[in-house]
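Next up, data_4.txt (compact mmCIF, C-alpha atoms):
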# COMPACT_ATOMS: atom_id res chain seq x y z
CA MET A 1 -19.10 -4.51 34.91
CA SER A 2 -16.05 -2.28 35.44
CA PRO A 3 -12.59 -3.61 34.55
CA GLU A 4 -11.63 -3.88 38.23
CA GLY A 5 -14.95 -5.53 39.05
CA LYS A 6 -14.41 -8.07 36.29
CA LYS A 7 -10.94 -8.93 37.61
CA LEU A 8 -12.29 -9.35 41.14
CA TRP A 9 -15.07 -11.57 39.75
CA ASN A 10 -12.46 -13.75 38.04
CA ILE A 11 -10.51 -14.16 41.28
CA ILE A 12 -13.66 -15.12 43.19
CA VAL A 13 -14.73 -17.64 40.52
CA LEU A 14 -11.18 -19.04 40.48
CA GLY A 15 -11.32 -19.47 44.25
CA PHE A 16 -14.71 -21.20 44.18
CA GLY A 17 -13.61 -23.51 41.35
CA PHE A 18 -10.57 -24.60 43.34
CA MET A 19 -12.67 -24.86 46.50
CA PHE A 20 -14.95 -27.46 44.91
CA MET A 21 -12.12 -29.35 43.21
CA PHE A 22 -9.96 -29.50 46.31
CA THR A 23 -12.87 -30.25 48.63
CA ALA A 24 -12.71 -33.53 46.74
CA PHE A 25 -8.97 -33.93 46.12
CA GLN A 26 -7.57 -32.76 49.47
CA THR A 27 -10.12 -34.88 51.31
CA CYS A 28 -9.09 -37.81 49.11
CA GLY A 29 -5.42 -37.25 49.91
CA ASN A 30 -6.14 -36.92 53.61
CA ILE A 31 -7.97 -40.25 53.89
CA GLU A 32 -6.55 -42.42 51.10
CA GLN A 33 -3.86 -44.18 53.15
CA THR A 34 -6.42 -45.00 55.83
CA VAL A 35 -8.89 -46.21 53.17
CA ILE A 36 -6.27 -48.41 51.52
CA LYS A 37 -5.32 -49.99 54.86
CA SER A 38 -8.99 -50.85 55.36
CA PHE A 39 -9.46 -52.21 51.84
CA ASN A 40 -10.05 -55.97 52.02
CA SER A 41 -8.60 -57.36 48.78
CA THR A 42 -5.73 -59.71 48.10
CA GLU A 43 -5.44 -58.35 44.54
CA PHE A 44 -4.75 -54.73 45.49
CA HIS A 45 -1.20 -53.82 46.53
CA GLY A 46 -1.17 -50.02 46.39
CA SER A 47 0.08 -47.45 48.91
CA GLY A 48 -1.32 -43.97 49.42
CA TYR A 49 2.15 -42.58 50.17
CA THR A 50 3.58 -44.18 47.02
CA SER A 51 0.71 -42.78 44.95
CA MET A 52 1.36 -39.28 46.25
CA ALA A 53 5.09 -39.67 45.57
CA ILE A 54 4.26 -40.61 41.97
CA ILE A 55 1.85 -37.67 41.64
CA TYR A 56 4.38 -35.13 42.84
CA GLY A 57 7.26 -36.70 40.92
CA VAL A 58 5.32 -36.52 37.65
CA PHE A 59 4.03 -33.11 38.70
CA SER A 60 7.60 -31.89 38.98
CA ALA A 61 8.67 -33.15 35.54
CA SER A 62 5.47 -31.92 33.90
CA ASN A 63 6.12 -28.35 35.01
CA LEU A 64 8.66 -28.16 32.19
CA ILE A 65 5.85 -28.46 29.62
CA ALA A 66 2.98 -26.87 31.56
CA PRO A 67 3.66 -23.27 30.44
CA SER A 68 3.56 -24.42 26.81
CA VAL A 69 0.22 -26.17 27.34
CA VAL A 70 -1.24 -23.07 28.99
CA ALA A 71 0.08 -20.90 26.15
CA VAL A 72 -1.47 -23.11 23.45
CA ILE A 73 -4.96 -23.81 24.82
CA GLY A 74 -5.29 -20.99 27.34
CA PRO A 75 -5.53 -21.02 31.14
CA GLN A 76 -9.29 -21.58 31.21
CA LEU A 77 -9.34 -24.79 29.17
CA SER A 78 -6.12 -25.88 30.87
CA MET A 79 -7.82 -25.76 34.25
CA PHE A 80 -10.96 -27.47 32.94
CA PHE A 81 -9.21 -30.48 31.38
CA SER A 82 -6.84 -30.77 34.35
CA GLY A 83 -9.86 -30.81 36.64
CA LEU A 84 -11.36 -33.69 34.69
CA LEU A 85 -8.21 -35.76 35.34
CA TYR A 86 -8.40 -34.89 39.05
CA SER A 87 -11.98 -36.20 39.02
CA CYS A 88 -10.82 -39.42 37.34
CA TYR A 89 -8.24 -39.99 40.07
CA ILE A 90 -10.88 -39.62 42.78
CA ALA A 91 -13.28 -41.93 40.87
CA VAL A 92 -10.64 -44.69 40.86
CA PHE A 93 -11.32 -45.25 44.58
CA ILE A 94 -14.89 -46.34 43.83
CA TYR A 95 -13.52 -49.63 42.46
CA LEU A 96 -9.87 -49.98 43.43
CA TYR A 97 -7.37 -51.78 41.19
CA THR A 98 -3.62 -51.44 41.46
CA TRP A 99 -3.07 -50.67 37.76
CA SER A 100 -5.80 -47.99 37.57
CA PHE A 101 -4.70 -46.46 40.88
CA TYR A 102 -1.12 -45.88 39.77
CA THR A 103 -2.08 -44.93 36.19
CA ALA A 104 -4.40 -42.26 37.55
CA SER A 105 -1.57 -41.08 39.82
CA VAL A 106 0.61 -40.43 36.77
CA LEU A 107 -2.18 -38.61 34.92
CA VAL A 108 -3.09 -36.39 37.83
CA GLY A 109 0.59 -35.46 38.21
CA VAL A 110 0.54 -34.08 34.67
CA ALA A 111 -2.80 -32.38 35.32
CA ALA A 112 -1.53 -30.75 38.51
CA ALA A 113 1.35 -29.05 36.72
CA VAL A 114 -0.95 -27.57 34.09
CA LEU A 115 -3.63 -26.63 36.63
CA TRP A 116 -1.36 -24.69 38.97
CA THR A 117 0.55 -22.96 36.18
CA ALA A 118 -2.78 -21.80 34.72
CA GLN A 119 -3.96 -20.73 38.17
CA GLY A 120 -0.88 -18.57 38.69
CA ASN A 121 -1.37 -17.03 35.26
CA VAL A 122 -5.02 -16.14 35.96
CA LEU A 123 -4.10 -14.70 39.37
CA ALA A 124 -1.32 -12.55 37.89
CA ILE A 125 -3.21 -11.13 34.88
CA ASN A 126 -6.15 -10.19 37.09
CA SER A 127 -3.98 -8.39 39.67
CA SER A 128 -1.90 -5.24 39.94
CA ASP A 129 0.85 -4.26 42.37
CA SER A 130 -1.80 -2.84 44.71
CA THR A 131 -4.23 -5.81 44.52
CA ILE A 132 -1.94 -8.85 44.34
CA GLY A 133 -1.90 -9.27 48.13
CA ARG A 134 -5.67 -8.92 48.40
CA ASN A 135 -6.33 -11.28 45.49
CA SER A 136 -3.88 -13.89 46.81
CA GLY A 137 -5.72 -13.83 50.13
CA ILE A 138 -9.17 -14.10 48.52
CA PHE A 139 -8.10 -17.04 46.40
CA TRP A 140 -6.31 -18.81 49.23
CA SER A 141 -9.14 -18.37 51.73
CA LEU A 142 -11.80 -19.59 49.29
CA MET A 143 -9.73 -22.59 48.24
CA GLN A 144 -9.00 -23.59 51.83
CA PHE A 145 -12.69 -23.76 52.67
CA SER A 146 -12.30 -27.10 50.87
CA LEU A 147 -10.59 -28.49 53.97
CA PHE A 148 -13.57 -27.51 56.09
CA PHE A 149 -16.39 -28.90 53.94
CA GLY A 150 -14.65 -32.08 52.77
CA ASN A 151 -13.45 -33.13 56.18
CA LEU A 152 -16.75 -32.27 57.84
CA TYR A 153 -18.37 -34.69 55.40
CA ILE A 154 -15.81 -37.38 56.32
CA TYR A 155 -16.44 -36.87 60.03
CA CYS A 156 -20.21 -37.17 59.62
CA SER A 157 -19.90 -40.21 57.32
CA TRP A 158 -17.36 -42.14 59.39
CA HIS A 159 -18.32 -41.13 62.92
CA GLY A 160 -18.17 -44.22 65.12
CA HIS A 161 -16.67 -46.45 62.39
CA VAL A 162 -13.75 -48.59 63.45
CA HIS A 163 -13.38 -50.16 59.99
CA ILE A 164 -14.07 -48.52 56.61
CA THR A 165 -16.31 -50.86 54.59
CA ASP A 166 -16.55 -51.03 50.79
CA LEU A 167 -19.94 -49.27 50.93
CA ASP A 168 -18.49 -46.48 53.10
CA ARG A 169 -15.65 -46.01 50.62
CA GLN A 170 -17.84 -46.05 47.52
CA THR A 171 -20.40 -43.62 48.94
CA VAL A 172 -17.72 -41.10 49.92
CA PHE A 173 -15.79 -41.24 46.65
CA ILE A 174 -18.87 -41.03 44.40
CA SER A 175 -19.82 -37.85 46.25
CA LEU A 176 -16.30 -36.44 46.01
CA THR A 177 -16.14 -37.15 42.27
CA VAL A 178 -19.36 -35.20 41.65
CA ILE A 179 -18.09 -32.28 43.77
CA SER A 180 -14.84 -32.19 41.79
CA LEU A 181 -16.70 -32.08 38.47
CA VAL A 182 -18.76 -29.10 39.67
CA GLY A 183 -15.51 -27.21 40.26
CA CYS A 184 -14.29 -28.01 36.73
CA PHE A 185 -17.32 -26.42 35.09
CA LEU A 186 -17.13 -23.30 37.26
CA PHE A 187 -13.98 -22.27 35.37
CA PHE A 188 -16.15 -21.44 32.35
CA LEU A 189 -17.53 -18.46 34.30
CA ILE A 190 -14.13 -16.72 34.19
CA ARG A 191 -14.20 -13.72 31.85
CA LYS A 192 -11.47 -12.11 29.79
CA PRO A 193 -10.04 -9.10 31.68
CA ASP A 194 -10.07 -5.78 29.88
CA PRO A 195 -6.76 -4.26 28.73
CA GLU A 196 -5.35 -1.57 31.00
CA GLY A 197 -7.09 1.72 30.45
CA SER A 198 -10.06 0.35 28.48
CA SER A 199 -13.56 -0.68 29.39
CA ALA A 200 -15.54 -3.42 27.75
CA PRO A 201 -19.31 -3.27 27.19
CA GLU A 202 -21.33 -4.21 30.26
CA GLY A 203 -22.69 -7.49 28.95
CA ALA A 204 -19.63 -8.69 27.08
CA GLU A 205 -18.70 -12.26 27.93
CA SER A 206 -15.61 -13.99 26.66
CA LEU A 207 -13.03 -16.58 27.56
CA LEU A 208 -9.53 -15.96 28.80
CA PRO A 209 -6.96 -15.55 26.04
CA SER A 210 -5.16 -18.62 24.82
CA ASP A 211 -1.83 -16.85 24.50
CA SER A 212 0.50 -16.19 27.40
CA SER A 213 0.05 -13.11 29.51
CA ASP A 214 2.99 -11.26 28.08
CA GLY A 215 1.88 -11.78 24.51
CA THR A 216 4.87 -13.76 23.34
CA THR A 217 4.64 -15.52 19.97
CA GLU A 218 7.55 -17.86 20.20
CA GLY A 219 5.40 -20.93 19.67
CA PRO A 220 4.66 -23.81 22.03
CA ALA A 221 8.29 -24.28 23.05
CA GLY A 222 8.70 -20.62 24.04
CA PRO A 223 7.15 -20.82 27.53
CA CYS A 224 9.22 -23.91 28.36
CA ALA A 225 12.39 -21.99 27.49
CA GLN A 226 11.08 -19.05 29.52
CA ALA A 227 10.64 -21.31 32.54
CA VAL A 228 14.29 -22.35 32.32
CA GLU A 229 15.29 -18.71 31.86
CA ALA A 230 13.11 -17.67 34.81
CA PHE A 231 14.97 -20.05 37.12
CA SER A 232 18.25 -18.36 36.15
CA LYS A 233 17.02 -15.09 37.64
CA THR A 234 18.53 -14.28 41.02
CA ASN A 235 15.20 -13.72 42.79
CA LEU A 236 13.79 -17.07 41.72
CA ARG A 237 16.98 -18.94 42.61
CA SER A 238 16.87 -17.35 46.07
CA LEU A 239 13.26 -18.38 46.49
CA SER A 240 14.00 -21.99 45.50
CA TRP A 241 14.80 -22.95 49.10
CA VAL A 242 11.44 -21.49 50.12
CA PHE A 243 9.65 -23.52 47.44
CA CYS A 244 11.38 -26.68 48.64
CA VAL A 245 10.88 -26.26 52.35
CA LEU A 246 8.04 -23.95 53.27
CA THR A 247 5.63 -25.54 50.81
CA GLY A 248 6.86 -28.91 49.52
CA LEU A 249 7.88 -30.73 52.69
CA GLU A 250 5.24 -29.28 54.98
CA LEU A 251 2.53 -29.81 52.33
CA THR A 252 3.29 -33.53 52.49
CA PHE A 253 3.16 -33.58 56.26
CA TYR A 254 -0.11 -31.77 56.87
CA SER A 255 -1.98 -33.10 53.82
CA GLY A 256 -1.17 -36.79 54.18
CA VAL A 257 1.09 -37.89 57.01
CA TYR A 258 -0.42 -36.13 60.02
CA GLY A 259 -3.99 -37.27 59.36
CA THR A 260 -2.75 -40.85 59.06
CA CYS A 261 -0.91 -40.48 62.38
CA ILE A 262 -4.06 -39.30 64.15
CA GLY A 263 -6.12 -42.13 62.67
CA ALA A 264 -3.53 -44.66 63.88
CA MET A 265 -3.56 -43.52 67.52
CA THR A 266 -5.67 -46.12 69.34
CA ARG A 267 -5.12 -44.13 72.54
CA PHE A 268 -7.51 -41.54 71.07
CA GLY A 269 -10.33 -44.11 71.35
CA THR A 270 -12.42 -46.11 68.90
CA ASP A 271 -13.41 -42.94 67.01
CA ALA A 272 -9.86 -42.20 65.85
CA LYS A 273 -10.76 -42.71 62.15
CA SER A 274 -13.35 -39.91 62.20
CA LEU A 275 -10.81 -37.65 63.93
CA ILE A 276 -9.01 -37.48 60.58
CA GLY A 277 -11.94 -35.39 59.36
CA ILE A 278 -11.90 -33.13 62.42
CA SER A 279 -8.14 -32.67 62.00
CA GLY A 280 -8.68 -31.58 58.41
CA ILE A 281 -11.34 -29.10 59.53
CA CYS A 282 -8.91 -27.59 62.06
CA ILE A 283 -6.24 -27.29 59.36
CA GLY A 284 -8.82 -25.56 57.16
CA ILE A 285 -9.77 -23.10 59.91
CA GLY A 286 -6.11 -22.16 60.28
CA GLU A 287 -5.71 -21.78 56.51
CA ILE A 288 -8.82 -19.60 56.19
CA LEU A 289 -7.89 -17.43 59.17
CA GLY A 290 -4.36 -16.88 57.90
CA GLY A 291 -5.51 -16.17 54.35
CA GLY A 292 -8.05 -13.64 55.60
CA VAL A 293 -5.77 -11.81 58.01
CA PHE A 294 -2.61 -11.68 55.90
CA GLY A 295 -4.06 -11.74 52.40
CA LEU A 296 -7.65 -10.55 52.21
CA LEU A 297 -7.12 -7.64 54.62
CA ASN A 298 -3.67 -7.05 53.10
CA LYS A 299 -2.25 -5.96 56.43
CA SER A 300 1.16 -7.39 55.67
CA SER A 301 1.90 -4.78 52.97
CA ARG A 302 2.56 -2.12 55.64
CA PHE A 303 5.35 -4.06 57.28
CA GLY A 304 6.56 -6.27 54.44
CA ARG A 305 6.22 -10.02 54.14
CA ASN A 306 9.00 -11.14 56.49
CA PRO A 307 7.01 -10.80 59.76
CA VAL A 308 4.26 -13.01 58.33
CA VAL A 309 6.73 -15.71 57.25
CA LEU A 310 8.43 -15.51 60.67
CA LEU A 311 5.04 -16.01 62.33
CA GLY A 312 4.46 -19.04 60.09
CA LEU A 313 7.81 -20.52 61.09
CA ILE A 314 7.18 -20.02 64.83
CA THR A 315 3.67 -21.46 64.49
CA HIS A 316 5.01 -24.58 62.80
CA TYR A 317 7.79 -25.01 65.36
CA VAL A 318 5.23 -24.96 68.18
CA ALA A 319 3.11 -27.51 66.29
CA PHE A 320 6.08 -29.81 65.61
CA TYR A 321 7.13 -29.75 69.27
CA LEU A 322 3.63 -30.61 70.51
CA ILE A 323 3.27 -33.37 67.90
CA PHE A 324 6.61 -34.81 69.02
CA LEU A 325 5.32 -34.94 72.60
CA ASN A 326 1.81 -36.18 71.79
CA ILE A 327 1.98 -38.65 68.86
CA ALA A 328 3.73 -42.02 68.94
CA SER A 329 6.81 -42.21 66.72
CA ASP A 330 5.58 -45.26 64.81
CA ALA A 331 2.17 -43.75 63.95
CA PRO A 332 2.99 -43.00 60.25
CA LEU A 333 3.93 -46.67 59.71
CA ALA A 334 1.29 -48.35 61.89
CA PRO A 335 -0.97 -51.08 60.39
CA GLU A 336 -4.74 -50.69 60.12
CA GLY A 337 -5.14 -51.69 63.76
CA GLY A 338 -3.13 -48.63 64.80
CA THR A 339 -0.47 -48.26 67.47
CA ASP A 340 -0.74 -48.62 71.25
CA LEU A 341 2.50 -46.77 71.93
CA GLU A 342 2.70 -43.39 73.66
CA ALA A 343 5.13 -40.54 73.08
CA PHE A 344 6.19 -38.34 76.02
CA ILE A 345 2.81 -37.24 77.38
CA THR A 346 -0.56 -38.93 77.69
CA PRO A 347 -2.02 -38.68 74.16
CA SER A 348 -4.54 -35.84 73.95
CA VAL A 349 -7.09 -35.38 71.18
CA TRP A 350 -7.29 -31.64 71.92
CA VAL A 351 -3.54 -31.17 71.60
CA ALA A 352 -3.59 -33.10 68.31
CA LEU A 353 -6.38 -30.91 66.91
CA PHE A 354 -4.69 -27.72 68.12
CA CYS A 355 -1.57 -28.81 66.22
CA SER A 356 -3.74 -29.28 63.12
CA PHE A 357 -4.90 -25.67 63.45
CA LEU A 358 -1.31 -24.45 63.87
CA LEU A 359 -0.18 -26.39 60.78
CA GLY A 360 -2.93 -24.75 58.71
CA LEU A 361 -2.20 -21.27 60.06
CA GLY A 362 1.53 -21.59 59.36
CA ASP A 363 0.92 -22.94 55.87
CA SER A 364 -1.33 -19.99 55.01
CA CYS A 365 1.35 -17.57 56.24
CA PHE A 366 3.86 -19.09 53.83
CA ASN A 367 1.63 -19.52 50.80
CA THR A 368 -0.11 -16.13 50.79
CA GLN A 369 3.28 -14.41 50.93
CA LEU A 370 4.77 -16.67 48.25
CA LEU A 371 1.86 -16.05 45.88
CA SER A 372 2.15 -12.34 46.56
CA ILE A 373 5.90 -12.02 45.99
CA ILE A 374 5.92 -14.19 42.85
CA GLY A 375 2.97 -12.29 41.40
CA LEU A 376 4.74 -9.02 42.15
CA LEU A 377 8.20 -9.93 40.84
CA PHE A 378 7.02 -11.79 37.72
CA ARG A 379 3.64 -10.22 36.90
CA ASP A 380 4.57 -9.62 33.23
CA ASN A 381 5.67 -13.23 32.70
CA SER A 382 3.92 -15.18 35.41
CA ALA A 383 3.34 -18.64 33.91
CA PRO A 384 7.04 -19.68 33.75
CA ALA A 385 7.67 -18.36 37.28
CA PHE A 386 4.73 -20.26 38.74
CA ALA A 387 5.84 -23.35 36.81
CA VAL A 388 9.27 -23.15 38.48
CA PHE A 389 7.54 -22.69 41.85
CA LYS A 390 5.50 -25.88 41.40
CA PHE A 391 8.44 -27.75 39.81
CA ILE A 392 10.62 -27.40 42.89
CA GLN A 393 7.75 -27.74 45.36
CA SER A 394 6.57 -30.99 43.83
CA ILE A 395 10.08 -32.52 43.75
CA MET A 396 10.34 -32.12 47.50
CA ALA A 397 6.77 -33.29 48.06
CA ALA A 398 7.53 -36.46 46.09
CA VAL A 399 10.69 -37.04 48.13
CA ALA A 400 8.78 -36.47 51.38
CA PHE A 401 5.95 -38.86 50.47
CA PHE A 402 8.57 -41.46 49.55
CA TYR A 403 10.46 -41.27 52.84
CA SER A 404 7.13 -41.21 54.74
CA ASN A 405 6.89 -44.92 53.91
CA TYR A 406 10.04 -45.60 55.95
CA LEU A 407 10.88 -42.87 58.51
CA LEU A 408 9.48 -42.72 62.01
CA LEU A 409 7.64 -39.55 63.01
CA HIS A 410 10.44 -37.91 65.01
CA TRP A 411 12.85 -38.11 62.05
CA GLN A 412 10.27 -36.53 59.76
CA LEU A 413 9.77 -33.70 62.27
CA LEU A 414 13.53 -33.13 62.52
CA ILE A 415 13.77 -32.71 58.76
CA LEU A 416 10.94 -30.15 58.83
CA VAL A 417 12.53 -28.16 61.65
CA VAL A 418 15.98 -27.90 60.04
CA MET A 419 14.76 -27.21 56.52
CA GLY A 420 12.13 -24.76 57.76
CA PHE A 421 14.83 -22.55 59.25
CA LEU A 422 16.87 -22.57 56.02
CA GLY A 423 13.80 -21.80 53.93
CA SER A 424 12.76 -18.87 56.09
CA VAL A 425 16.21 -17.30 55.93
CA SER A 426 16.11 -17.60 52.14
CA PHE A 427 12.76 -15.82 52.00
CA PHE A 428 13.95 -13.02 54.30
CA VAL A 429 16.92 -12.31 52.03
CA THR A 430 14.78 -12.29 48.89
CA GLU A 431 12.20 -9.97 50.45
CA TRP A 432 14.87 -7.52 51.62
CA VAL A 433 16.38 -7.42 48.14
CA ALA A 434 12.95 -6.94 46.52
CA GLN A 435 12.00 -4.12 48.91
CA SER A 436 15.37 -2.42 48.42
CA SER A 437 15.03 -2.56 44.63
CA ARG A 438 11.53 -1.13 44.83
CA ARG A 439 12.65 1.76 47.04
CA ASP A 440 15.46 2.56 44.60
CA TYR A 441 12.99 2.45 41.70
CA ASP A 442 10.54 4.78 43.49
CA ARG A 443 13.38 7.16 44.34
CA TYR A 444 14.28 7.65 40.68
Reformat the file's structure so that it appears as structure tokens.
Amino acid sequence: MSPEGKKLWNIIVLGFGFMFMFTAFQTCGNIEQTVIKSFNSTEFHGSGYTSMAIIYGVFSASNLIAPSVVAVIGPQLSMFFSGLLYSCYIAVFIYLYTWSFYTASVLVGVAAAVLWTAQGNVLAINSSDSTIGRNSGIFWSLMQFSLFFGNLYIYCSWHGHVHITDLDRQTVFISLTVISLVGCFLFFLIRKPDPEGSSAPEGAESLLPSDSSDGTTEGPAGPCAQAVEAFSKTNLRSLSWVFCVLTGLELTFYSGVYGTCIGAMTRFGTDAKSLIGISGICIGIGEILGGGVFGLLNKSSRFGRNPVVLLGLITHYVAFYLIFLNIASDAPLAPEGGTDLEAFITPSVWVALFCSFLLGLGDSCFNTQLLSIIGLLFRDNSAPAFAVFKFIQSIMAAVAFFYSNYLLLHWQLLILVVMGFLGSVSFFVTEWVAQSSRRDYDRY
């Protein structure tokens, strides 16, 4: 296999590994609050929103040590062991206990930091300036197929169910645990990329290197210090608003809050619970479409990244406005029986699902461009930069999941609208500076 073919193979395997893992985990996150509301036990006192807040809070803190872990054991083993902890979190729902639920939340927060830092490292070392956009799109599109398959399974399993029984819950989460484990073992198919300018024998198989991509030998503490140093760079500081807003806050909304809102709308009929699955499928279609158009086809490189981010912002604004009109304000906080309130129009299932599609499309616009610009600006030292990305993103996700326990829907939408504008402006400035620097470099 040629060096370029081997790198493309690694990106595809990476995408499929994440697709299987997040078919399980994203589906779990989408339905867990609904499952917990349906759980009939006086001994369990957990909250899906609180669990997610713990996950992202620990995730944020763990990003300080994640580059060191990746440097010591390598990105491949880092992803494998992190995936095992993801599988443990999903398996907790088979037999729910408060102590195991929140303990698993802490562990998966640590695992998430290591997993995503390793993912960014693998993406960067298998990409060049000319392929980073394409590879980001391939990875993102493959991973987001997880929303399609996982939520289709939920729809088929829960179609016509008003209440989620213990058997329903156990059947779903046993299946999701097995799917997650399959993704973990796929990471062993990733091969060590050849050095630039060399070609390895056709049949040579080997693991990814255990040292960092830039070959530093500062010891385990070195990457942690590099992460702090990376944040001091002007480009990364400018992008911090983007990390906070375009990914952290909206990630919380589309991955947890919006599905719960749809499931709580009794005006959608007795099948509202299964609509959570259809909503997730629509989000996945938007994610896959956006990843393909703006990443896989790499069309955005001709015009820069700003038009794509602007499209993502407009798409989300349209979605937020329609959600404001269509979904009752108390839907995020409604009990298991749901809410009978209306917003400003007669509640429409089709409008709700169209908003799901728009949320997925906008999210893919943001994330493909963020992966591309980080991989381009920090390709020689990617792990610390991706750690900073996830550090800031997860702080805001934790904050958002926390306030989702208390704020009505219209206040949550207002926060997203205001912060989305600020985040987009920050990205525009960073992209203009990056393009200007590149033109000056090419000139000389």
Would you pick out the contacts of Gln33 in chain A at 7 Å or less, using all atoms listed in the file, so that residues sharing its chain but fewer than 5 positions from it are not included, and give the list as a list in words?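 Selected residues are Ser47, Gly48, Tyr49 and Thr260 of chain A.
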Near Gly109 in chain A, within 12 Å and counting only C-alpha atoms, which residues show up once chain neighbours fewer than 2 positions away are dropped, as a PyMOL selection string? chain A and resi 51-63+66+82-83+85-86+89+102-107+111-116+390-391+394-395+397-398
Selection: 10 Å around Lys37 in chain A, all atoms listed in the file, excl. self and same-chain fewer than 3 positions, as a PyMOL selection string: chain A and resi 32-34+40+46-48+163-164+334-337
Restricting the calculation to all atoms listed in the file, which member of A:Val309, A:Met396, A:Ala124, A:Ala118 is positioned closest to Leu370 in chain A? A:Val309
Selection near range 154-157 of chain A, 7 Å with all atoms listed in the file, sequence-local residues under 2 positions removed, as a CSV table (one decimal) with C-alpha atoms, in the coordinates of the input:
chain,number,residue,atom,x,y,z
A,150,GLY,CA,-14.6,-32.1,52.8
A,151,ASN,CA,-13.4,-33.1,56.2
A,152,LEU,CA,-16.8,-32.3,57.8
A,159,HIS,CA,-18.3,-41.1,62.9
A,274,SER,CA,-13.4,-39.9,62.2
A,275,LEU,CA,-10.8,-37.6,63.9
A,277,GLY,CA,-11.9,-35.4,59.4
A,278,ILE,CA,-11.9,-33.1,62.4
Need the shell around Phe253 in chain A: protein/DNA/RNA residues with any atom at most 10 Å away, counting only C-alpha atoms. Skip same-chain ones fewer than 4 positions apart. Format as a list of chain:residue names?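 So the residues in contact are A:Gly248, A:Leu249, A:Val257, A:Tyr258, A:Gly259, A:Thr260, A:Leu359, A:Ala397, A:Ala400, A:Phe401, A:Ser404, A:Gln412, A:Leu413, A:Leu416.
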Next, the residues of the selection above should be written as an mmCIF file, keeping the file's coordinate frame with C-alpha atoms.
data_model
loop_
_atom_site.group_PDB
_atom_site.id
_atom_site.type_symbol
_atom_site.label_atom_id
_atom_site.label_comp_id
_atom_site.auth_asym_id
_atom_site.auth_seq_id
_atom_site.Cartn_x
_atom_site.Cartn_y
_atom_site.Cartn_z
ATOM 1 C CA GLY A 248 6.860 -28.910 49.520
ATOM 2 C CA LEU A 249 7.880 -30.730 52.690
ATOM 3 C CA VAL A 257 1.090 -37.890 57.010
ATOM 4 C CA TYR A 258 -0.420 -36.130 60.020
ATOM 5 C CA GLY A 259 -3.990 -37.270 59.360
ATOM 6 C CA THR A 260 -2.750 -40.850 59.060
ATOM 7 C CA LEU A 359 -0.180 -26.390 60.780
ATOM 8 C CA ALA A 397 6.770 -33.290 48.060
ATOM 9 C CA ALA A 400 8.780 -36.470 51.380
ATOM 10 C CA PHE A 401 5.950 -38.860 50.470
ATOM 11 C CA SER A 404 7.130 -41.210 54.740
ATOM 12 C CA GLN A 412 10.270 -36.530 59.760
ATOM 13 C CA LEU A 413 9.770 -33.700 62.270
ATOM 14 C CA LEU A 416 10.940 -30.150 58.830
#
Nearest residue to Asn367 in chain A out of A:Leu251, A:Leu422, A:Ala343, A:Val72, using all atoms listed in the file?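 Distance minimum relative to Asn367 in chain A lands on A:Leu251.
Of note, CA of Phe20 in chain A and CA of Gly5 in chain A are spaced 22.7 Å apart.
Minimum distance to Thr177 in chain A across A:Val70, A:Met21, A:Leu322, A:Leu147 (counting all atoms listed in the file) occurs at A:Met21.
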d(CA of Leu353 in chain A, CA of Cys282 in chain A) in Å: 6.4 Å
With distances taken over all atoms listed in the file, which residue among A:Thr252, A:Thr247, A:Gln170, A:Ser87 lies nearest Gly362 in chain A? A:Thr247
So what do you get for CA of Val308 in chain A versus CA of Ile327 in chain A, distance-wise?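 A separation of 27.8 Å between them.
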Between A:Ile285, A:Ile174, A:Leu186, A:Leu181, which is the closest to Asn10 in chain A once you count all atoms listed in the file?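 Selected residue with least distance to Asn10 in chain A: A:Leu186.
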Which of these, A:Phe93, A:Trp140, A:Phe402, A:Phe149, has the shortest distance to Asp168 in chain A once you count all atoms listed in the file? A:Phe93
So that all listed atoms of range 132-140 of chain A fit with 6 Å spare on each side, what axis-aligned box centre and edge lengths in Å, to one decimal, would you give as lines of an AutoDock Vina configuration file?
center_x = -5.5
center_y = -13.8
center_z = 47.2
size_x = 19.3
size_y = 22.0
size_z = 17.8
